>>> print(open('work39.txt').read())   # compact mmCIF, C-alpha atoms
# COMPACT_ATOMS: atom_id res chain seq x y z
CA MET A 132 102.55 108.11 101.57
CA ARG A 133 102.95 109.67 105.02
CA THR A 134 104.54 107.16 107.39
CA SER A 135 105.92 109.56 110.01
CA LEU A 136 104.48 107.50 112.87
CA ILE A 137 106.23 104.35 111.70
CA ARG A 138 109.49 103.53 113.46
CA ARG A 139 112.07 100.99 112.47
CA ALA A 140 114.45 99.12 114.76
CA CYS A 141 117.67 99.85 112.89
CA VAL A 142 120.49 102.37 113.01
CA VAL A 143 121.04 104.41 109.85
CA ALA A 144 124.33 106.22 109.33
CA LEU A 145 123.14 109.63 108.19
CA MET A 146 126.19 110.65 106.21
CA MET A 147 127.30 110.49 102.59
CA VAL A 148 128.17 106.88 101.79
CA THR A 149 128.69 104.83 98.64
CA THR A 150 128.61 101.04 98.50
CA MET A 151 129.16 98.45 95.84
CA ALA A 152 127.60 95.00 95.51
CA PRO A 153 127.63 92.18 92.98
CA ALA A 154 124.72 91.34 90.75
CA ALA A 155 121.70 89.74 92.42
CA ALA A 156 119.50 87.37 90.48
CA ALA A 157 115.82 88.26 90.42
CA ARG A 158 113.41 85.59 91.60
CA PRO A 159 110.09 85.02 89.80
CA ALA A 160 106.96 86.29 91.50
CA GLY A 161 103.97 84.02 91.89
CA ASP A 162 101.85 82.83 88.99
CA THR A 163 101.47 86.18 87.23
CA GLU A 164 104.46 85.75 84.91
CA ALA A 165 104.33 86.38 81.16
CA PRO A 166 106.70 86.12 78.21
CA GLY A 167 108.17 89.37 76.94
CA ILE A 168 108.88 90.83 80.37
CA GLY A 169 111.32 90.16 83.17
CA GLY A 170 114.55 92.16 82.91
CA HIS A 171 117.23 91.83 85.57
CA ALA A 172 118.69 94.51 87.85
CA ARG A 173 121.96 94.62 89.78
CA LEU A 174 123.19 97.12 92.33
CA LEU A 175 125.66 99.77 91.21
CA GLY A 176 125.74 101.73 94.47
CA GLU A 177 123.90 103.93 96.91
CA ARG A 178 124.31 107.32 98.54
CA ILE A 179 122.68 108.67 101.71
CA ILE A 180 122.55 112.42 102.22
CA PRO A 181 122.68 114.13 105.63
CA HIS A 182 119.44 114.05 107.58
CA LYS A 183 117.46 117.32 107.44
CA LEU A 184 119.99 118.89 105.12
CA ALA A 185 119.47 122.68 105.06
CA PHE A 186 119.23 124.10 101.54
CA ARG A 187 118.20 127.65 100.61
CA GLY A 188 116.02 128.14 103.65
CA THR A 189 114.34 124.74 103.42
CA THR A 190 114.72 121.32 105.03
CA VAL A 191 115.53 118.63 102.49
CA GLY A 192 113.43 115.56 103.24
CA GLY A 193 110.24 113.72 102.48
CA LEU A 194 111.48 113.13 98.90
CA SER A 195 108.84 110.84 97.49
CA GLY A 196 109.25 111.21 93.73
CA ILE A 197 112.09 111.73 91.24
CA ASP A 198 112.42 112.23 87.49
CA ARG A 199 115.03 113.48 85.03
CA ASN A 200 114.46 116.69 83.13
CA PRO A 201 115.59 116.10 79.53
CA CYS A 202 115.72 119.87 78.92
CA THR A 203 118.32 120.54 81.63
CA GLY A 204 119.88 117.16 82.42
CA GLU A 205 119.02 117.70 86.08
CA TYR A 206 116.81 115.55 88.27
CA VAL A 207 113.65 116.92 89.89
CA MET A 208 112.42 115.63 93.27
CA ILE A 209 109.16 116.43 95.04
CA SER A 210 108.88 116.67 98.82
CA ASP A 211 105.77 115.40 100.56
CA ASP A 212 106.00 118.10 103.21
CA ARG A 213 102.37 119.23 103.44
CA SER A 214 103.46 122.85 104.02
CA VAL A 215 104.29 121.99 107.64
CA LEU A 216 108.03 122.73 107.78
CA GLN A 217 108.05 124.89 104.65
CA PRO A 218 105.61 125.34 101.75
CA ALA A 219 104.98 122.30 99.53
CA ARG A 220 107.94 122.27 97.14
CA PHE A 221 110.30 120.49 94.79
CA TYR A 222 114.07 120.36 94.39
CA THR A 223 116.42 120.14 91.44
CA ALA A 224 119.82 118.44 91.59
CA ARG A 225 122.69 117.27 89.46
CA ILE A 226 123.15 113.57 90.20
CA ALA A 227 126.15 111.74 88.77
CA VAL A 228 125.33 108.09 88.07
CA ASP A 229 127.71 105.72 86.31
CA ALA A 230 129.00 102.16 86.50
CA THR A 231 130.48 102.88 89.96
CA GLY A 232 127.13 103.95 91.45
CA VAL A 233 125.84 107.32 92.65
CA ARG A 234 129.00 109.42 92.62
CA SER A 235 127.45 112.70 93.79
CA VAL A 236 124.18 114.48 94.59
CA ASP A 237 124.42 118.27 94.26
CA PHE A 238 121.23 120.24 94.90
CA THR A 239 120.85 123.19 92.53
CA GLY A 240 117.47 124.72 93.35
CA THR A 241 114.14 124.59 95.14
CA HIS A 242 110.78 126.23 94.48
CA PRO A 243 107.39 126.16 96.18
CA LEU A 244 104.47 124.75 94.22
CA ARG A 245 101.94 127.50 93.53
CA GLN A 246 98.16 127.73 93.56
CA PRO A 247 96.35 129.34 90.59
CA ASP A 248 96.48 132.74 92.36
CA GLY A 249 100.26 132.48 92.74
CA SER A 250 100.28 131.79 96.49
CA ALA A 251 101.91 128.78 98.16
CA TYR A 252 99.70 125.94 99.37
CA PRO A 253 98.52 126.19 102.99
CA PRO A 254 99.08 123.47 105.60
CA ALA A 255 96.28 121.02 106.38
CA SER A 256 95.83 122.80 109.71
CA ALA A 257 94.32 125.73 107.81
CA ARG A 258 91.24 123.53 107.25
CA ASP A 259 90.20 125.52 104.18
CA GLY A 260 90.20 122.49 101.87
CA LYS A 261 93.14 123.79 99.81
CA ALA A 262 95.95 121.74 101.35
CA VAL A 263 97.84 119.25 99.19
CA ASP A 264 99.77 116.06 99.89
CA PRO A 265 102.47 115.96 97.16
CA GLU A 266 103.66 112.47 96.26
CA GLU A 267 105.05 112.13 92.74
CA LEU A 268 106.45 114.34 89.97
CA ARG A 269 107.11 113.60 86.31
CA VAL A 270 108.70 115.85 83.70
CA ASP A 271 106.58 116.14 80.56
CA PRO A 272 108.86 115.08 77.67
CA ARG A 273 106.94 117.54 75.50
CA GLY A 274 108.00 120.90 76.92
CA CYS A 275 109.49 119.81 80.27
CA ARG A 276 106.71 121.11 82.51
CA TYR A 277 106.24 119.33 85.82
CA TRP A 278 103.17 117.12 86.33
CA TRP A 279 102.77 116.28 90.01
CA SER A 280 100.32 114.11 91.88
CA GLN A 281 98.87 114.81 95.29
CA GLU A 282 96.73 112.46 97.35
CA GLY A 283 94.38 115.04 98.81
CA ASP A 284 92.61 113.82 101.92
CA ARG A 285 89.73 111.46 102.47
CA PRO A 286 88.16 112.77 105.70
CA ALA A 287 88.71 110.73 108.84
CA SER A 288 85.63 112.34 110.43
CA ALA A 289 82.57 114.30 109.35
CA ASP A 290 84.24 117.50 110.53
CA ASP A 291 87.29 117.13 108.28
CA PRO A 292 87.33 118.65 104.78
CA LEU A 293 87.28 116.32 101.79
CA ILE A 294 90.17 117.22 99.45
CA GLN A 295 90.18 115.44 96.11
CA GLN A 296 93.41 113.98 94.82
CA SER A 297 94.71 115.48 91.61
CA VAL A 298 97.48 115.78 89.07
CA ARG A 299 98.56 119.39 88.59
CA ILE A 300 100.94 120.99 86.14
CA ALA A 301 103.67 123.44 87.13
CA GLY A 302 106.27 125.53 85.34
CA PRO A 303 110.00 125.34 86.10
CA THR A 304 109.66 127.69 89.08
CA GLY A 305 106.49 126.07 90.46
CA ALA A 306 103.89 128.37 88.87
CA TYR A 307 100.48 126.76 88.34
CA ARG A 308 99.91 125.79 84.70
CA GLY A 309 96.78 123.66 84.87
CA GLU A 310 95.32 120.35 86.02
CA PHE A 311 94.94 116.95 84.39
CA ARG A 312 91.57 115.15 84.54
CA LEU A 313 91.80 111.87 86.45
CA PRO A 314 89.23 109.06 85.96
CA ALA A 315 85.96 109.34 87.86
CA ASP A 316 86.54 106.23 89.98
CA TYR A 317 89.59 107.90 91.56
CA ARG A 318 87.39 110.39 93.41
CA TYR A 319 87.11 110.29 97.19
CA THR A 320 83.63 109.99 98.68
CA ARG A 321 82.14 110.13 102.15
CA GLU A 322 80.62 106.71 101.51
CA ASP A 323 82.22 103.26 101.44
CA ARG A 324 83.43 103.69 97.88
CA GLY A 325 86.48 105.13 96.19
CA PRO A 326 90.11 105.19 97.27
CA ARG A 327 91.07 104.52 100.87
CA ARG A 328 92.63 107.28 102.91
CA ASN A 329 96.35 107.64 102.05
CA LYS A 330 95.94 105.06 99.27
CA GLY A 331 95.29 107.38 96.36
CA VAL A 332 97.40 108.42 93.38
CA GLU A 333 101.11 108.36 94.15
CA ALA A 334 102.35 106.68 90.98
CA ILE A 335 102.31 108.50 87.61
CA THR A 336 104.35 108.18 84.41
CA PHE A 337 104.45 109.35 80.81
CA GLY A 338 104.50 106.71 78.08
CA SER A 339 104.81 106.57 74.30
CA ARG A 340 107.19 109.55 74.28
CA GLY A 341 104.66 111.71 76.09
CA ALA A 342 101.55 110.68 74.13
CA THR A 343 100.06 108.78 77.08
CA PHE A 344 99.86 109.32 80.83
CA THR A 345 99.46 106.41 83.25
CA SER A 346 98.54 106.54 86.93
CA ALA A 347 98.24 103.86 89.59
CA LEU A 348 96.40 103.94 92.89
CA GLU A 349 98.53 102.99 95.86
CA GLY A 350 95.99 100.47 97.16
CA PRO A 351 92.68 98.86 96.14
CA LEU A 352 89.47 100.84 95.95
CA ILE A 353 87.16 100.12 98.86
CA GLN A 354 84.64 98.40 96.59
CA ASP A 355 87.37 96.29 94.93
CA GLY A 356 88.05 94.30 98.09
CA PRO A 357 90.23 94.30 101.20
CA GLU A 358 93.86 95.33 101.40
CA PRO A 359 96.58 92.65 101.24
CA ASP A 360 97.13 90.37 104.24
CA LEU A 361 99.35 87.38 105.00
CA ARG A 362 97.30 85.08 102.76
CA HIS A 363 96.08 87.28 99.92
CA GLY A 364 97.26 90.13 97.74
CA ALA A 365 94.94 92.72 96.20
CA LEU A 366 94.11 94.32 92.87
CA VAL A 367 95.16 97.93 92.30
CA ARG A 368 93.79 99.95 89.39
CA VAL A 369 96.21 101.27 86.78
CA THR A 370 94.77 103.73 84.25
CA ARG A 371 96.25 104.79 80.91
CA GLN A 372 94.93 108.05 79.40
CA ASN A 373 95.78 110.31 76.51
CA ARG A 374 97.00 113.86 77.12
CA ASP A 375 93.44 115.18 76.99
CA GLY A 376 92.33 112.89 79.82
CA ALA A 377 90.41 110.33 77.78
CA VAL A 378 90.76 106.87 79.32
CA LEU A 379 92.46 104.46 76.92
CA GLY A 380 92.35 101.51 79.30
CA GLN A 381 92.22 100.58 82.96
CA PHE A 382 93.81 97.42 84.34
CA ALA A 383 94.17 95.52 87.61
CA TYR A 384 97.71 95.24 88.94
CA PRO A 385 98.22 92.31 91.39
CA LEU A 386 99.76 93.69 94.59
CA GLU A 387 101.72 91.12 96.62
CA LYS A 388 100.49 89.74 99.94
CA ILE A 389 102.13 90.91 103.21
CA PHE A 390 105.51 89.17 103.47
CA THR A 391 105.52 88.41 107.23
CA ALA A 392 103.52 88.80 110.44
CA SER A 393 103.73 92.00 112.49
CA ASP A 394 105.24 92.28 115.93
CA PRO A 395 102.18 91.45 118.11
CA SER A 396 103.11 94.19 120.59
CA SER A 397 102.94 96.92 117.92
CA PRO A 398 99.76 98.99 117.47
CA TRP A 399 100.60 99.59 113.79
CA ALA A 400 99.09 97.52 111.01
CA PRO A 401 101.22 96.56 107.99
CA ASP A 402 101.34 99.15 105.24
CA THR A 403 101.79 98.23 101.59
CA GLY A 404 101.17 99.72 98.18
CA VAL A 405 102.42 101.06 94.85
CA PRO A 406 104.28 104.38 95.29
CA ALA A 407 105.80 104.55 91.78
CA ILE A 408 105.28 103.28 88.23
CA LEU A 409 107.63 103.86 85.29
CA ALA A 410 106.81 103.35 81.61
CA PHE A 411 109.19 101.69 79.19
CA PRO A 412 109.96 104.28 76.49
CA ASP A 413 109.44 101.92 73.54
CA ASP A 414 106.64 99.63 74.77
CA PRO A 415 103.27 101.27 75.54
CA ASP A 416 102.05 98.20 77.46
CA ARG A 417 105.04 97.71 79.75
CA TYR A 418 105.96 99.26 83.10
CA LEU A 419 108.30 98.93 86.04
CA VAL A 420 106.23 98.92 89.23
CA LEU A 421 107.65 99.70 92.67
CA GLU A 422 106.02 97.91 95.63
CA ARG A 423 106.80 99.17 99.12
CA THR A 424 105.74 97.27 102.27
CA TRP A 425 106.34 98.03 105.94
CA VAL A 426 105.69 95.53 108.76
CA ALA A 427 106.19 96.31 112.46
CA GLY A 428 109.19 94.41 113.77
CA ALA A 429 110.41 93.46 110.29
CA GLY A 430 110.87 96.83 108.61
CA TYR A 431 110.59 97.57 104.91
CA ARG A 432 110.53 95.30 101.91
CA ILE A 433 111.12 97.02 98.58
CA ARG A 434 110.58 95.21 95.29
CA VAL A 435 110.59 96.27 91.63
CA PHE A 436 108.49 94.31 89.14
CA ASP A 437 108.40 94.28 85.35
CA ALA A 438 104.71 94.31 84.40
CA THR A 439 102.58 94.41 81.27
CA THR A 440 98.98 95.31 80.45
CA ARG A 441 99.12 93.09 77.37
CA GLY A 442 96.39 90.46 77.69
CA ALA A 443 94.94 92.00 80.86
CA THR A 444 91.22 92.70 81.28
CA ASP A 445 90.15 96.30 80.66
CA VAL A 446 88.23 97.05 83.88
CA ARG A 447 87.27 100.67 83.25
CA ARG A 448 83.55 99.83 83.15
CA MET A 449 83.63 97.58 86.23
CA SER A 450 82.35 99.49 89.24
CA SER A 451 83.76 96.75 91.49
CA LEU A 452 86.38 94.04 90.95
CA ALA A 453 85.23 91.96 93.91
CA GLY A 454 84.05 88.56 92.73
CA ARG A 455 84.65 89.38 89.07
CA ALA A 456 86.60 87.25 86.61
CA VAL A 457 89.53 89.53 85.88
CA VAL A 458 92.81 88.77 84.13
CA PRO A 459 95.30 91.01 85.96
CA MET A 460 98.47 92.55 84.62
CA ARG A 461 101.28 89.99 84.50
CA LYS A 462 104.57 90.68 86.22
CA LYS A 463 108.04 89.34 87.05
CA LEU A 464 110.41 90.33 89.81
CA VAL A 465 113.31 92.54 88.72
CA ALA A 466 114.88 93.38 92.09
CA ASP A 467 114.32 92.75 95.79
CA PHE A 468 116.24 95.25 97.92
CA HIS A 469 116.90 92.59 100.56
CA ASP A 470 119.00 90.68 98.00
CA LEU A 471 121.11 93.62 96.81
CA GLY A 472 123.51 94.12 99.73
CA LEU A 473 122.40 97.66 100.61
CA SER A 474 123.53 99.27 103.86
CA THR A 475 119.88 99.68 104.85
CA VAL A 476 116.42 99.15 103.34
CA VAL A 477 114.18 102.15 103.90
CA ASN A 478 111.00 103.83 102.68
CA THR A 479 111.74 103.86 98.94
CA GLU A 480 109.09 105.71 96.92
CA GLY A 481 110.75 107.27 93.85
CA LEU A 482 111.81 105.56 90.61
CA THR A 483 113.14 106.90 87.30
CA TRP A 484 115.38 106.04 84.37
CA GLY A 485 119.01 107.15 84.48
CA PRO A 486 121.75 107.18 81.82
CA ARG A 487 122.72 104.20 79.71
CA LEU A 488 125.96 102.44 80.64
CA PRO A 489 128.77 101.41 78.24
CA SER A 490 127.64 97.81 78.88
CA GLY A 491 124.35 98.62 77.17
CA GLU A 492 122.43 98.41 80.45
CA ARG A 493 120.05 101.21 81.40
CA THR A 494 120.35 102.65 84.88
CA LEU A 495 117.48 103.00 87.33
CA LEU A 496 117.59 105.60 90.09
CA LEU A 497 115.47 105.04 93.20
CA LEU A 498 114.89 107.46 96.07
CA SER A 499 113.58 107.03 99.62
CA ASP A 500 111.28 109.28 101.64
CA ASP A 501 112.72 109.80 105.14
CA ASN A 502 109.46 111.27 106.51
CA PHE A 503 111.76 113.82 108.24
CA ALA A 504 112.27 111.14 110.92
CA GLU A 505 115.55 110.55 112.74
CA ASP A 506 115.46 106.79 112.19
CA GLU A 507 114.83 107.04 108.44
CA ALA A 508 117.14 108.12 105.60
CA THR A 509 117.16 109.90 102.24
CA GLN A 510 118.81 107.19 100.17
CA PHE A 511 119.61 107.24 96.45
CA VAL A 512 120.04 103.75 94.92
CA ALA A 513 121.40 103.14 91.42
CA LEU A 514 120.63 99.85 89.65
CA ALA A 515 121.78 98.56 86.27
CA PHE A 516 118.85 97.14 84.32
CA ARG A 517 119.33 94.63 81.53
CA ASP A 518 116.25 93.81 79.49
CA ARG A 519 115.87 90.01 79.56
>>> encode(input="work39.txt", output="structure tokens")
Amino acid sequence: MRTSLIRRACVVALMMVTTMAPAAAARPAGDTEAPGIGGHARLLGERIIPHKLAFRGTTVGGLSGIDRNPCTGEYVMISDDRSVLQPARFYTARIAVDATGVRSVDFTGTHPLRQPDGSAYPPASARDGKAVDPEELRVDPRGCRYWWSQEGDRPASADDPLIQQSVRIAGPTGAYRGEFRLPADYRYTREDRGPRRNKGVEAITFGSRGATFTSALEGPLIQDGPEPDLRHGALVRVTRQNRDGAVLGQFAYPLEKIFTASDPSSPWAPDTGVPAILAFPDDPDRYLVLERTWVAGAGYRIRVFDATTRGATDVRRMSSLAGRAVVPMRKKLVADFHDLGLSTVVNTEGLTWGPRLPSGERTLLLLSDDNFAEDEATQFVALAFRDR
């Protein structure tokens, strides 16, 4: 999500750093726990790359999604630059992750994402309705093409174009290779229904070895109720589909309430949502869910939850969740960045699996979106995940 107007009262050292920290115990989250979930994560290390790093004629930044390409061993990262600094694009990199943390990040390539006619995407200022807002990228385990989500744009006024969100498919150099059909209730409207502006599809993941594709909205649909506040969380729709786009199930994920009050002198409201979701390779009902919250005066809170759709209500035929008896997805806290001993907690939006460690733990690699802002950072965080 674009948060370029948000400013944090902290100093970030924008240089290559690596830190180590001991294991941090995860705390349970609310009353949505369930047996069969609830792994634990500990910090291996972090690395922050130079701000606005120049690479092959582009500005590295806005990295809001990351995944590993099993065909090359490299990682792929999408930038949410809306063709403002340079055309909408992705990067590839070799990232060394082991028991000592993130040892190195070496960028190897970058390519613009292409429209069906082969041209790059225009900036939103073109006002032709073709602009995109890239947010997440996943590598298809069946063929290693890139599936990437973009939030489009719900118009702020009657004069603004309505741009539907979408999931598009690209080849290894960014060439357009098709589009995936999202569920009908994900569509923006000019009425008081559908996703909120900047609260569309950021989170996508392949499951069941590529047989299924799951997406999560960042925030609740307008008709599903208000956004989270200090007293209440909200329900966010998570949809599992097959590769042809048929909906296999839709579930309500319980987003946490806002963790603290805002600075009363700030004009900015709290911002919270789900920027990433990651399927467990061997359990079609289980996911890691990243929740990212920003509050004026308090900064960011980043939490990773272990969640399951098992036993949850299938809500695909419910036009509204407000006032309905719904059993949400159950979840347990895996990691809270404030407990890990990081040098800074920033706008983390990307989440993917890394290599397995000799200890038997699986690594998780998380990535932050610096919004190209001086007081933000592009931070890679490596965690060791032990399943229960």
>>> closest_residue(input="work39.txt", among="A:Pro265, A:Pro292, A:Pro253, A:Pro398", to="A:Asp212", atoms="only C-alpha atoms")
A:Pro265
>>> closest_residue(input="work39.txt", among="A:Arg276, A:His469, A:Lys388, A:Arg340", to="A:Pro357", atoms="only C-alpha atoms")
A:Lys388
>>> closest_atom_pairs(input="work39.txt", of="stretch 233-335 of chain A", to="stretch 363-378 of chain A", cutoff="8 Å", atoms="all atoms listed in the file", output="JSON lines")
{"residue": "A:Phe311", "atom": "CA", "partner": "A:Gly376", "partner_atom": "CA", "distance": 6.6}
{"residue": "A:Arg312", "atom": "CA", "partner": "A:Gly376", "partner_atom": "CA", "distance": 5.3}
{"residue": "A:Leu313", "atom": "CA", "partner": "A:Gly376", "partner_atom": "CA", "distance": 6.7}
{"residue": "A:Pro314", "atom": "CA", "partner": "A:Val378", "partner_atom": "CA", "distance": 7.2}
>>> closest_residue(input="work39.txt", among="A:Arg269, A:Arg493, A:Arg178, A:Arg487", to="A:Val512", atoms="all atoms listed in the file")
A:Arg178
>>> residues_near_point(input="work39.txt", point="(121.3, 117.0, 90.6)", cutoff="9 Å", atoms="all atoms listed in the file", output="JSON, numbers by chain")
{"A": [204, 205, 206, 207, 222, 223, 224, 225, 226, 227, 235, 236, 237, 238, 239]}
>>> closest_residue(input="work39.txt", among="A:Pro272, A:Gly192, A:Gly404, A:Gly472", to="A:Asn502", atoms="all atoms listed in the file")
A:Gly192
